[in-house]
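Below is one structure, written out as structure tokens; comments come after it.
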Amino acid sequence: MSASVVGVRVPAHERTVLENGLTLIVMPRHDVPLIAFNAVMRGGACAQEPDQAGLASLVAGLLEKGAGRRDAFEFVDAVEGVGGTFSAGAGSESIAVRGQFLARDQQLLLELLADTLLQPRFAPQELASLRTRQIELIKAARDCDPGELIGTYGRAFLFAEHPYGRPIMGSESSLARITHQDILAYHRAHFGADRLTLIVAGDVDVNWLRQEVIRLFAKWPRAARNCGKLPRPLRVTERRILLVDSPGSTQAHFWIGNVGVDRHYPERATLDLVNALYGGRFTSLLNTELRVKSGLSYGARSGFTRGSVPGEFAIRSFAPTEHAGKALDLALGTLGQLQETALTADMLDSARAYLLGQYPLDFETVADWAIAMGEVELYRLGTAHIEAYASQLQAVTLAQTRNVIESVFPSPDAVAVVVVGDARALRPQLQHCGPLTQMPLTQPHFACAHA
Amino acid sequence: MKKSFGSPHASVMVPATVAGSAVASMPGREAVRTATLANGLKVIVWPVHHIPSVALYNWVRAGSRDEQPGITGLAHFFEHMMFNGTTRRRPGEFDRLMEAQGGANNAFTSDDVTVYQDWFPNTALEFVLELEADRVANLAFVPEVIESERGVVWSERRLHVDDNNQGLLSEQVQAAAFVAHPYRFPTIGWPADIRSWRLTDLQLFYRTYYAPNNLTLVLAGDIEPERAFMLARRYFEGIPRQEPPRIARVAEPEQLGERRIVLRRKAHTPLIQYAYKAPAASDPRAPAVSLLLSILVEGDSSRLHRLLVEEHALAIEVGGHWQEGFDPGLLWLFLTLPEGADIAEVQRTLDRELASVAQHGVTDAELARAKNMTAAGFFRKLATIDGKAQLLGEYEVFHGDWHKLFEAPERFDRVTRADIQAVAGEILERRRRTVGVLEPQLQERSA
């Protein structure tokens with residue numbers, strides 16, 4: 001492998017914290033006449049009450065549906081009329097408004113963003129139509145691509161009552177409960193200057209932009225409430241299975257997970273190397289067993305979701321219904337293999353070269369940088385999180401990988417498993433795997449014990 | 001592919017975006033260099049140095065358009081086999097070596113082409129070119145691997161078609177829309193064909209289509225063109241030129257009446273798809289067709305989204321796609337309806353609106369919006385080495401000359417409201433369309 005690969009350097013940028021607590025990052029870059037922005041509001045799905053799954057998503061969706069002097073149609077006409085993009089979405093721990101405009105439209109961009117955050121209209125009829133549409137989109141996903149929903153079932157099954165277990169987009173039943181009052185209450189409690197990090201990257205004048213942001217946002221008060229701390233989720237200690245019945249499916253999707261690590265996990269480079277070898281790239285152990293050697297599946301992948309507290313480690317794959325039990329056994333077998341078989345120096349070098357070689361591709365455009373800096377700020381990682389990564393990868397030893405495998409990767413006997421497929425054909429294949437709970441795919445929620 | 005295949009359902013809900021700009025001219029033309037090897041292989045290089053990485057696209061002029069009944073899906077299956085060993089390297093070595101050098105790869109097959117993509121650090125340039133040349137020159141066909149890969153393709157078919165109502169419906173619509181032209185074949189292949197193609201089919205396909213004179217190699221990224229040409233000569237020039245492939249001569253006869261496919265499936269969500277006969281990629285009307293589609297379905301301010309989703313709540317999603325190929329293909333509209341929707345009412349509203357576009361045209365604001373969205377989308381794409389390699393390749397392969405990429409902004413800018421109305425009148429004609437409807441069967445819903 002090549003030891004000379006250079007890491008990624010964070011481009012020059014200015015970071016300013018206004019008196020009201022708003023953090024502004026401006027990263028000028030003039031090679032393309034584009035500006036990308038990312039406005040990250042701390043809070044998100046974890047800030048809502050347990051029975052309000054989907055509230056933060058609806059709040060985010062409504063941010064695009066009229067603000068300031070523009071109603072929903074006028075707002076989207078203003079964005080798309082100049083070829084801009086502007087979208088808001090909720091995550092577990094934030095609501096983010098993102099987009100890109102041509103550089104000539106930067107004044108408009110700031111005006112629309114300030115209106116959205118400070119003066120959203122939250123019109124009741126927009127809520128009604130967005131809520132109905134979200135419910136229908138979940139139903140359409142159940143019809144057309146149940147695999148898309150398996151992570152939501154998996155997190156609900158694994159995290160149970162923990163906030164990470166609640167579906168971010170909501171469920172048909174939880175969305176139906178959300179009222180206009182809930183939307184206004186969320187906005188009052190969780191929107192405010194101290195919750196916002198605004199990143200603007202691209203063809204901008206730093207001084208002009210800073211002055212404009214001060215003019216538009218300096219009088220914005222802090223949020224009414226503090227952002228609470230999340231409890232640490234508990235790992236599952238035995239294997240249990242949730243079977244989601246989709247009669248007539250020719251294929252079964254499966255998800256295998258347990259609680260992993262958080263954003264500040266100190267052995268991140270080691271973890272990424274081991275995951276690349278286990279299930280994070282095409283030649284991984286997992287994909288080799290399920291696709292390359294057996295031809296049972298089109299693909300199998302594993303990965304970690306990392307939040308301010310540990311999110312999930314999860315494996316995802318799918319196989320024809322008649323071979324699903326065999327494919328699941330193979331996948332579980334690879335977890336055992338990982339624990340029992342030593343990695344070699346060659347394997348480690350290959351994974352290192354792979355991660356080093358692919359890393360710069362994540363930091364190519366101004367939009368990439370706006371997203372990356374948003375994560376750095378949201379989780380308070382510091383820019384060393386990006387810049388020191390290459391040297392951390394270079395330094396990882398085999399002994400470190402052993403430690404990470406034993407302490408973080410789950411044993412095949414201690415995992416939550418979700419299978420979505422034709423229960424009649426699947427039950428006999430899954431009986432030996434552990435205690436099995438079954439629910440129909442048509443239930444209007446994702447938790448197996450409906451709260 | 002490897003990870004996805006490119007027929008209409010792969011891009012459901014993603015409006016076509018095509019290069020174009022009403023805003024600024026496109027930089028970079030002067031940096032692009034080309035070379036044609038003695039065996040006919042053309043190499044195009046766009047050097048840019050903002051990250052130490054390279055994107056490589058190897059365009060093979062072979063897709064499901066080049067198949068016959070009985071071997072449908074072969075071009076796509078072939079794409080899988082290109083990762084499965086050469087006379088010099090065992091199955092799986094390609095991926096193993098690529099990843100150990102820091103590279104990642106993918107590939108896709110469409111009706112017209114098969115494209116192999118690599119993304120790698122600049123230090124791996126020579127290595128990757130040698131790997132790519134090896135599989136063009138020396139592919140091995142190991143019988144056990146063929147059988148195992150058949151299983152992988154089955155899994156892919158079930159994922160995207162058999163268990164996916166949009167995919168299933170669009171496969172049926174496409175098959176009904178053409179009576180003669182091979183565009184009627186699904187790129188993934190009919191189930192019986194996936195089960196039955198043989199080693200000799202693969203070998204013949206390889207000899208015919210994976211010849212250097214049938215390929216275009218495009219590289220964008222942190223490299224010097226002369227070095228790339230030197231390495232391409234070193235590894236590719238020894239591969240012999242072949243007789244050019246038989247030109248697909250079938251012309252689809254004029255469609256004389258609307259065709260209709262109705263599927264009844266257990267589902268909540270009704271679907272409607274319209275597939276209109278539309279021009280080929282190289283047609284002079286192409287910019288107008290692309291802008292028409294943008295006006296109809298791109299973004300929340302588009303006509304059909306606003307009318308059907310926002311104003312009347314008749315649909316929950318509206319999308320479209322123009323299959324820009326070598327031959328005249330299809331312009332698709334996709335609608336996802338809410339549970340319990342009155343399908344006939346939705347169709348009446350949709351038809352009224354489409355007729356109105358053909359009769360009355362579009363507004364200045366709509367055209368300006370579509371031009372701006374196209375231009376901005378174009379800049380966003382060109383901001384990446386991947387987008388550069390893709391666009392250069394698309395213009396070279398489908399428009400006959402990569403230079404046309406840099407003329408695209410002007411061509412889009414010249415489109416007038418009259419041009420849009422004219423193509424709307426020509427394309428959005430009932431007798432030249434195929435309609436697909438998925439009607440949910442009654443089922444109990446536990447709520």
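Each chain of the structure tokens is named A, B, ... in the order shown, its residues numbered from 1; ligands are numbered from 1 in display order.
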
Going by DSSP on the backbone, which residues of stretch 144-284 of chain B come out as strand (DSSP E or B)? List them as a list in words.
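Of stretch 144-284 of chain B, the ones in strand (DSSP E or B) are Leu215, Thr216, Leu217, Val218, Leu219, Ala220, Gly221, Arg259, Arg260, Ile261, Val262, Leu263, Arg264, Arg265, Lys266, Leu271, Ile272, Gln273, Tyr274, Ala275, Tyr276, Lys277 and Ala278 of chain B.
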
List every residue of chain A that has an atom at most 7 Å from any atom of chain B, and for each one report the closest atom pair and its distance in Å to one decimal, counting only C-alpha atoms, with rows sorted by chain and then by increasing residue number, as a tab-separated table.
residue	atom	partner	partner_atom	distance
A:Met1	CA	B:Gln101	CA	6.3
A:Val32	CA	B:Ala383	CA	6.9
A:Val76	CA	B:Ser301	CA	6.0
A:Asp77	CA	B:Ser301	CA	5.9
A:Glu80	CA	B:Arg369	CA	6.3
A:Gly81	CA	B:Arg369	CA	4.4
A:Val82	CA	B:Asn372	CA	5.6
A:Gly83	CA	B:Met373	CA	3.8
A:Gly84	CA	B:Met373	CA	6.9
A:Leu102	CA	B:Ala376	CA	6.7
A:Arg133	CA	B:Ile316	CA	5.8
A:Glu136	CA	B:Pro338	CA	5.7
A:Leu137	CA	B:Ile316	CA	6.8
A:Lys139	CA	B:His268	CA	6.5
A:Ala140	CA	B:Thr269	CA	5.5
A:Asp143	CA	B:Ala267	CA	5.6
A:Cys144	CA	B:Asn164	CA	4.5
A:Asp145	CA	B:Asn164	CA	6.0
A:Ser249	CA	B:Asp163	CA	6.1
A:Thr250	CA	B:Asp163	CA	6.5
A:Gln251	CA	B:Arg158	CA	6.5
A:Thr283	CA	B:Arg96	CA	6.1
A:Arg291	CA	B:Val152	CA	6.6
A:Ser294	CA	B:Ser148	CA	6.3
A:Gly295	CA	B:Ser148	CA	4.7
A:Leu296	CA	B:Gly151	CA	6.1
A:Ser297	CA	B:Val152	CA	5.5
A:Tyr298	CA	B:Val152	CA	4.9
A:Ala319	CA	B:Ser155	CA	6.4
A:Pro320	CA	B:Ser155	CA	6.5
A:Ser350	CA	B:Ala100	CA	4.1
A:Ala351	CA	B:Ala100	CA	6.6
A:Ala353	CA	B:Gly102	CA	4.6
A:Tyr354	CA	B:Gly102	CA	3.7
A:Leu355	CA	B:Gly102	CA	6.7
A:Leu356	CA	B:Gly102	CA	6.5
A:Gly357	CA	B:Gly102	CA	4.1
A:Gln358	CA	B:Gly102	CA	6.4
A:Pro360	CA	B:Ile51	CA	6.4
A:Glu364	CA	B:Ile51	CA	6.6
A:Thr365	CA	B:Ala383	CA	6.2
A:Thr442	CA	B:Arg445	CA	6.2
A:Gln443	CA	B:Ser446	CA	5.9
A:Pro444	CA	B:Ala447	CA	6.0

Those same residues - N, CA and C atoms - I'd like them written as a short mmCIF file (atom, residue, chain, number, x, y, z; two decimals), in the first residue's frame.
data_model
loop_
_atom_site.label_atom_id
_atom_site.label_comp_id
_atom_site.auth_asym_id
_atom_site.auth_seq_id
_atom_site.Cartn_x
_atom_site.Cartn_y
_atom_site.Cartn_z
N MET A 1 0.83 -1.21 0.00
CA MET A 1 0.00 0.00 0.00
C MET A 1 0.86 1.25 0.00
N VAL A 32 -16.16 27.52 -8.25
CA VAL A 32 -17.45 27.27 -8.91
C VAL A 32 -18.42 28.33 -8.39
N VAL A 76 -41.53 28.43 -2.59
CA VAL A 76 -40.84 27.48 -3.48
C VAL A 76 -40.60 28.11 -4.85
N ASP A 77 -41.48 29.01 -5.28
CA ASP A 77 -41.23 29.73 -6.54
C ASP A 77 -39.96 30.57 -6.43
N GLU A 80 -36.90 27.89 -6.47
CA GLU A 80 -36.66 27.17 -7.73
C GLU A 80 -36.61 28.12 -8.92
N GLY A 81 -37.24 29.27 -8.78
CA GLY A 81 -37.20 30.26 -9.86
C GLY A 81 -35.78 30.67 -10.22
N VAL A 82 -34.88 30.65 -9.24
CA VAL A 82 -33.49 31.01 -9.52
C VAL A 82 -32.60 29.76 -9.60
N GLY A 83 -33.20 28.59 -9.61
CA GLY A 83 -32.42 27.36 -9.72
C GLY A 83 -31.80 26.93 -8.40
N GLY A 84 -32.37 27.40 -7.29
CA GLY A 84 -31.83 27.01 -5.98
C GLY A 84 -32.41 25.71 -5.48
N LEU A 102 -26.97 29.61 -6.77
CA LEU A 102 -25.92 30.25 -7.54
C LEU A 102 -25.44 31.47 -6.75
N ARG A 133 -49.91 13.55 3.69
CA ARG A 133 -49.00 13.06 2.66
C ARG A 133 -47.92 12.17 3.28
N GLU A 136 -49.33 8.78 3.90
CA GLU A 136 -49.49 8.04 2.65
C GLU A 136 -48.14 7.58 2.10
N LEU A 137 -47.09 8.38 2.30
CA LEU A 137 -45.77 7.99 1.80
C LEU A 137 -45.24 6.77 2.56
N LYS A 139 -47.17 4.43 3.81
CA LYS A 139 -47.94 3.30 3.24
C LYS A 139 -47.35 2.89 1.89
N ALA A 140 -46.97 3.89 1.08
CA ALA A 140 -46.40 3.57 -0.24
C ALA A 140 -45.08 2.82 -0.07
N ASP A 143 -45.66 -0.79 0.51
CA ASP A 143 -46.00 -1.49 -0.74
C ASP A 143 -44.77 -1.73 -1.61
N CYS A 144 -44.00 -0.67 -1.78
CA CYS A 144 -43.02 -0.68 -2.86
C CYS A 144 -41.64 -1.06 -2.42
N ASP A 145 -41.27 -0.80 -1.20
CA ASP A 145 -39.90 -1.03 -0.81
C ASP A 145 -39.79 -1.24 0.70
N SER A 249 -44.26 -11.80 -0.36
CA SER A 249 -42.95 -11.27 -0.76
C SER A 249 -42.07 -12.40 -1.27
N THR A 250 -41.35 -12.15 -2.36
CA THR A 250 -40.47 -13.19 -2.88
C THR A 250 -39.11 -13.13 -2.21
N GLN A 251 -38.87 -12.04 -1.48
CA GLN A 251 -37.57 -11.83 -0.88
C GLN A 251 -37.77 -11.45 0.59
N THR A 283 -15.50 -6.22 -0.79
CA THR A 283 -14.79 -7.48 -0.52
C THR A 283 -14.84 -7.88 0.95
N ARG A 291 -22.81 -12.77 -0.84
CA ARG A 291 -22.95 -12.52 -2.28
C ARG A 291 -21.92 -13.31 -3.09
N SER A 294 -21.76 -17.40 -2.07
CA SER A 294 -22.99 -18.20 -2.09
C SER A 294 -23.99 -17.74 -3.14
N GLY A 295 -23.86 -16.50 -3.60
CA GLY A 295 -24.84 -15.97 -4.55
C GLY A 295 -26.24 -15.86 -3.96
N LEU A 296 -26.34 -15.83 -2.62
CA LEU A 296 -27.67 -15.79 -1.99
C LEU A 296 -28.28 -14.40 -2.05
N SER A 297 -27.44 -13.38 -2.10
CA SER A 297 -27.96 -12.01 -2.00
C SER A 297 -27.25 -11.10 -2.97
N TYR A 298 -27.94 -10.02 -3.32
CA TYR A 298 -27.35 -8.99 -4.14
C TYR A 298 -26.33 -8.18 -3.35
N ALA A 319 -32.48 -11.81 0.98
CA ALA A 319 -32.27 -13.05 0.23
C ALA A 319 -33.63 -13.56 -0.21
N PRO A 320 -33.66 -14.44 -1.23
CA PRO A 320 -34.94 -15.03 -1.62
C PRO A 320 -35.58 -15.74 -0.42
N SER A 350 -4.76 -3.29 3.61
CA SER A 350 -5.72 -3.10 2.52
C SER A 350 -6.86 -2.18 2.95
N ALA A 351 -7.38 -2.42 4.14
CA ALA A 351 -8.49 -1.57 4.63
C ALA A 351 -8.01 -0.14 4.84
N ALA A 353 -5.57 1.41 3.19
CA ALA A 353 -5.44 2.06 1.87
C ALA A 353 -6.82 2.44 1.34
N TYR A 354 -7.77 1.57 1.56
CA TYR A 354 -9.13 1.81 1.06
C TYR A 354 -9.74 3.06 1.71
N LEU A 355 -9.68 3.12 3.03
CA LEU A 355 -10.28 4.27 3.72
C LEU A 355 -9.52 5.56 3.39
N LEU A 356 -8.20 5.48 3.34
CA LEU A 356 -7.40 6.67 3.00
C LEU A 356 -7.71 7.13 1.57
N GLY A 357 -7.84 6.18 0.66
CA GLY A 357 -8.08 6.52 -0.74
C GLY A 357 -9.47 7.10 -0.98
N GLN A 358 -10.45 6.65 -0.22
CA GLN A 358 -11.83 7.11 -0.44
C GLN A 358 -12.15 8.38 0.35
N PRO A 360 -10.86 11.48 0.71
CA PRO A 360 -10.96 12.81 0.07
C PRO A 360 -12.23 13.01 -0.75
N GLU A 364 -15.29 16.96 -1.34
CA GLU A 364 -14.95 17.50 -2.65
C GLU A 364 -15.61 18.85 -2.92
N THR A 365 -16.88 18.98 -2.56
CA THR A 365 -17.63 20.17 -2.98
C THR A 365 -17.94 21.07 -1.78
N THR A 442 -48.62 -4.38 7.86
CA THR A 442 -49.68 -3.39 7.71
C THR A 442 -50.01 -2.64 9.00
N GLN A 443 -49.41 -3.02 10.14
CA GLN A 443 -49.63 -2.24 11.37
C GLN A 443 -49.20 -0.79 11.12
N PRO A 444 -49.97 0.17 11.64
CA PRO A 444 -49.63 1.58 11.34
C PRO A 444 -48.56 2.14 12.28
#

Skipping near chain neighbours, those fewer than 2 positions away, what residues fall within 9 Å of stretch 343-346 of chain B using only C-alpha atoms, listed as a ChimeraX atom specification?
/B:270-272,308,314-315,337,340-341,348-351,437,439

Please identify all polymer residues within 8 Å of A:Thr85, counting only C-alpha atoms, omitting same-chain residues fewer than 4 positions from it, and present them as a list in words.
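My reading of the contact set: Val79, Glu80, Arg98, Gly99, Gln100 and Phe101 of chain A.
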
Of the listed residues A:Leu63, A:Leu175, A:Leu285, A:Ala327, that which approaches A:Gln429 most closely, counting only C-alpha atoms
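Counting only C-alpha atoms, the residue closest to A:Gln429 is A:Ala327.
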
Please report, as an NGL selection string, each residue of stretch 316-370 of chain A to which DSSP assigns alpha helix (DSSP H) when run on this structure's backbone.
:A and (324-340 or 345-358 or 366-370)

So, with only C-alpha atoms as the atoms that count, which of B:Leu330, B:Ala232, B:Leu215, B:Ala408 lies closest to B:Arg184?
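When distances to B:Arg184 are compared using only C-alpha atoms, the smallest one comes from B:Leu330.
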
Taking 4 positions as the minimum chain separation for residues in the same chain, which residues sit within 12 Å of B:Lys42 when counting only C-alpha atoms? Answer as a list in words.
Arg33, Thr34, Ala35, Thr36, Leu37, Ala38, Asn58, Trp59, Val60, Ala211, Pro212, Asn213, Asn214, Leu215, Thr216, Leu217, Val218, Leu219, Ala228, Phe229, Ala232, Arg233, Phe236, Glu237, Gly393, Glu396, Val397, Asp401 and Trp402 of chain B

Emit the selected residues as a compact mmCIF listing (two decimals), in the first residue's frame, including N, CA and C atoms.
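Saved the output as again12.txt:
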# COMPACT_ATOMS: atom_id res chain seq x y z
N ARG B 33 -8.35 16.95 -22.85
CA ARG B 33 -7.47 16.40 -23.89
C ARG B 33 -8.00 15.03 -24.32
N THR B 34 -7.77 14.69 -25.59
CA THR B 34 -8.19 13.36 -26.05
C THR B 34 -7.08 12.69 -26.84
N ALA B 35 -7.15 11.38 -26.91
CA ALA B 35 -6.25 10.61 -27.77
C ALA B 35 -7.01 9.39 -28.26
N THR B 36 -6.77 9.00 -29.50
CA THR B 36 -7.37 7.76 -30.00
C THR B 36 -6.26 6.78 -30.29
N LEU B 37 -6.33 5.61 -29.67
CA LEU B 37 -5.29 4.60 -29.83
C LEU B 37 -5.41 3.94 -31.21
N ALA B 38 -4.34 3.24 -31.61
CA ALA B 38 -4.32 2.62 -32.94
C ALA B 38 -5.47 1.62 -33.11
N ASN B 58 -15.60 3.83 -17.93
CA ASN B 58 -15.38 3.08 -19.16
C ASN B 58 -16.74 2.80 -19.81
N TRP B 59 -17.01 3.49 -20.91
CA TRP B 59 -18.31 3.37 -21.58
C TRP B 59 -18.26 2.28 -22.64
N VAL B 60 -19.09 1.28 -22.49
CA VAL B 60 -19.18 0.21 -23.47
C VAL B 60 -20.50 0.37 -24.22
N ALA B 211 -14.77 -4.77 -27.43
CA ALA B 211 -13.63 -4.51 -28.30
C ALA B 211 -13.22 -3.06 -28.11
N PRO B 212 -11.92 -2.77 -28.21
CA PRO B 212 -11.46 -1.40 -27.92
C PRO B 212 -12.15 -0.35 -28.77
N ASN B 213 -12.48 -0.69 -30.01
CA ASN B 213 -13.14 0.28 -30.88
C ASN B 213 -14.60 0.50 -30.52
N ASN B 214 -15.10 -0.25 -29.53
CA ASN B 214 -16.47 -0.04 -29.08
C ASN B 214 -16.53 0.60 -27.69
N LEU B 215 -15.37 1.04 -27.19
CA LEU B 215 -15.29 1.61 -25.84
C LEU B 215 -14.88 3.08 -25.90
N THR B 216 -15.26 3.82 -24.87
CA THR B 216 -14.71 5.17 -24.65
C THR B 216 -14.32 5.27 -23.18
N LEU B 217 -13.06 5.64 -22.97
CA LEU B 217 -12.54 5.72 -21.61
C LEU B 217 -12.46 7.18 -21.23
N VAL B 218 -13.13 7.56 -20.13
CA VAL B 218 -13.12 8.96 -19.69
C VAL B 218 -12.53 9.03 -18.29
N LEU B 219 -11.56 9.93 -18.11
CA LEU B 219 -10.98 10.12 -16.78
C LEU B 219 -11.06 11.59 -16.39
N ALA B 228 -1.70 9.77 -18.66
CA ALA B 228 -2.83 8.86 -18.81
C ALA B 228 -2.83 8.22 -20.20
N PHE B 229 -2.52 9.01 -21.25
CA PHE B 229 -2.48 8.46 -22.62
C PHE B 229 -1.36 7.43 -22.74
N ALA B 232 -2.50 4.33 -21.03
CA ALA B 232 -3.57 3.69 -21.80
C ALA B 232 -2.97 2.94 -22.98
N ARG B 233 -1.98 3.57 -23.64
CA ARG B 233 -1.31 2.88 -24.76
C ARG B 233 -0.63 1.63 -24.26
N PHE B 236 -3.68 -0.89 -23.13
CA PHE B 236 -4.84 -1.19 -23.98
C PHE B 236 -4.49 -1.41 -25.45
N GLU B 237 -3.33 -0.85 -25.88
CA GLU B 237 -3.14 -0.80 -27.33
C GLU B 237 -2.93 -2.18 -27.94
N GLY B 393 -18.62 11.74 -20.85
CA GLY B 393 -18.93 10.46 -21.48
C GLY B 393 -20.30 10.47 -22.14
N GLU B 396 -20.08 12.45 -25.38
CA GLU B 396 -19.30 11.75 -26.40
C GLU B 396 -20.08 10.55 -26.96
N VAL B 397 -20.70 9.79 -26.07
CA VAL B 397 -21.34 8.54 -26.50
C VAL B 397 -22.71 8.80 -27.13
N ASP B 401 -20.01 13.68 -29.62
CA ASP B 401 -18.85 14.56 -29.49
C ASP B 401 -18.86 15.24 -28.12
N TRP B 402 -17.79 15.03 -27.35
CA TRP B 402 -17.77 15.61 -26.00
C TRP B 402 -17.80 17.14 -26.03

Let me make sure I understand: among B:Ile420, B:Ala389, B:Val318, B:Ala107, which one has the smallest atom-to-atom distance to B:Leu304 if we use only C-alpha atoms?
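Using only C-alpha atoms, the shortest distance to B:Leu304 belongs to B:Val318.
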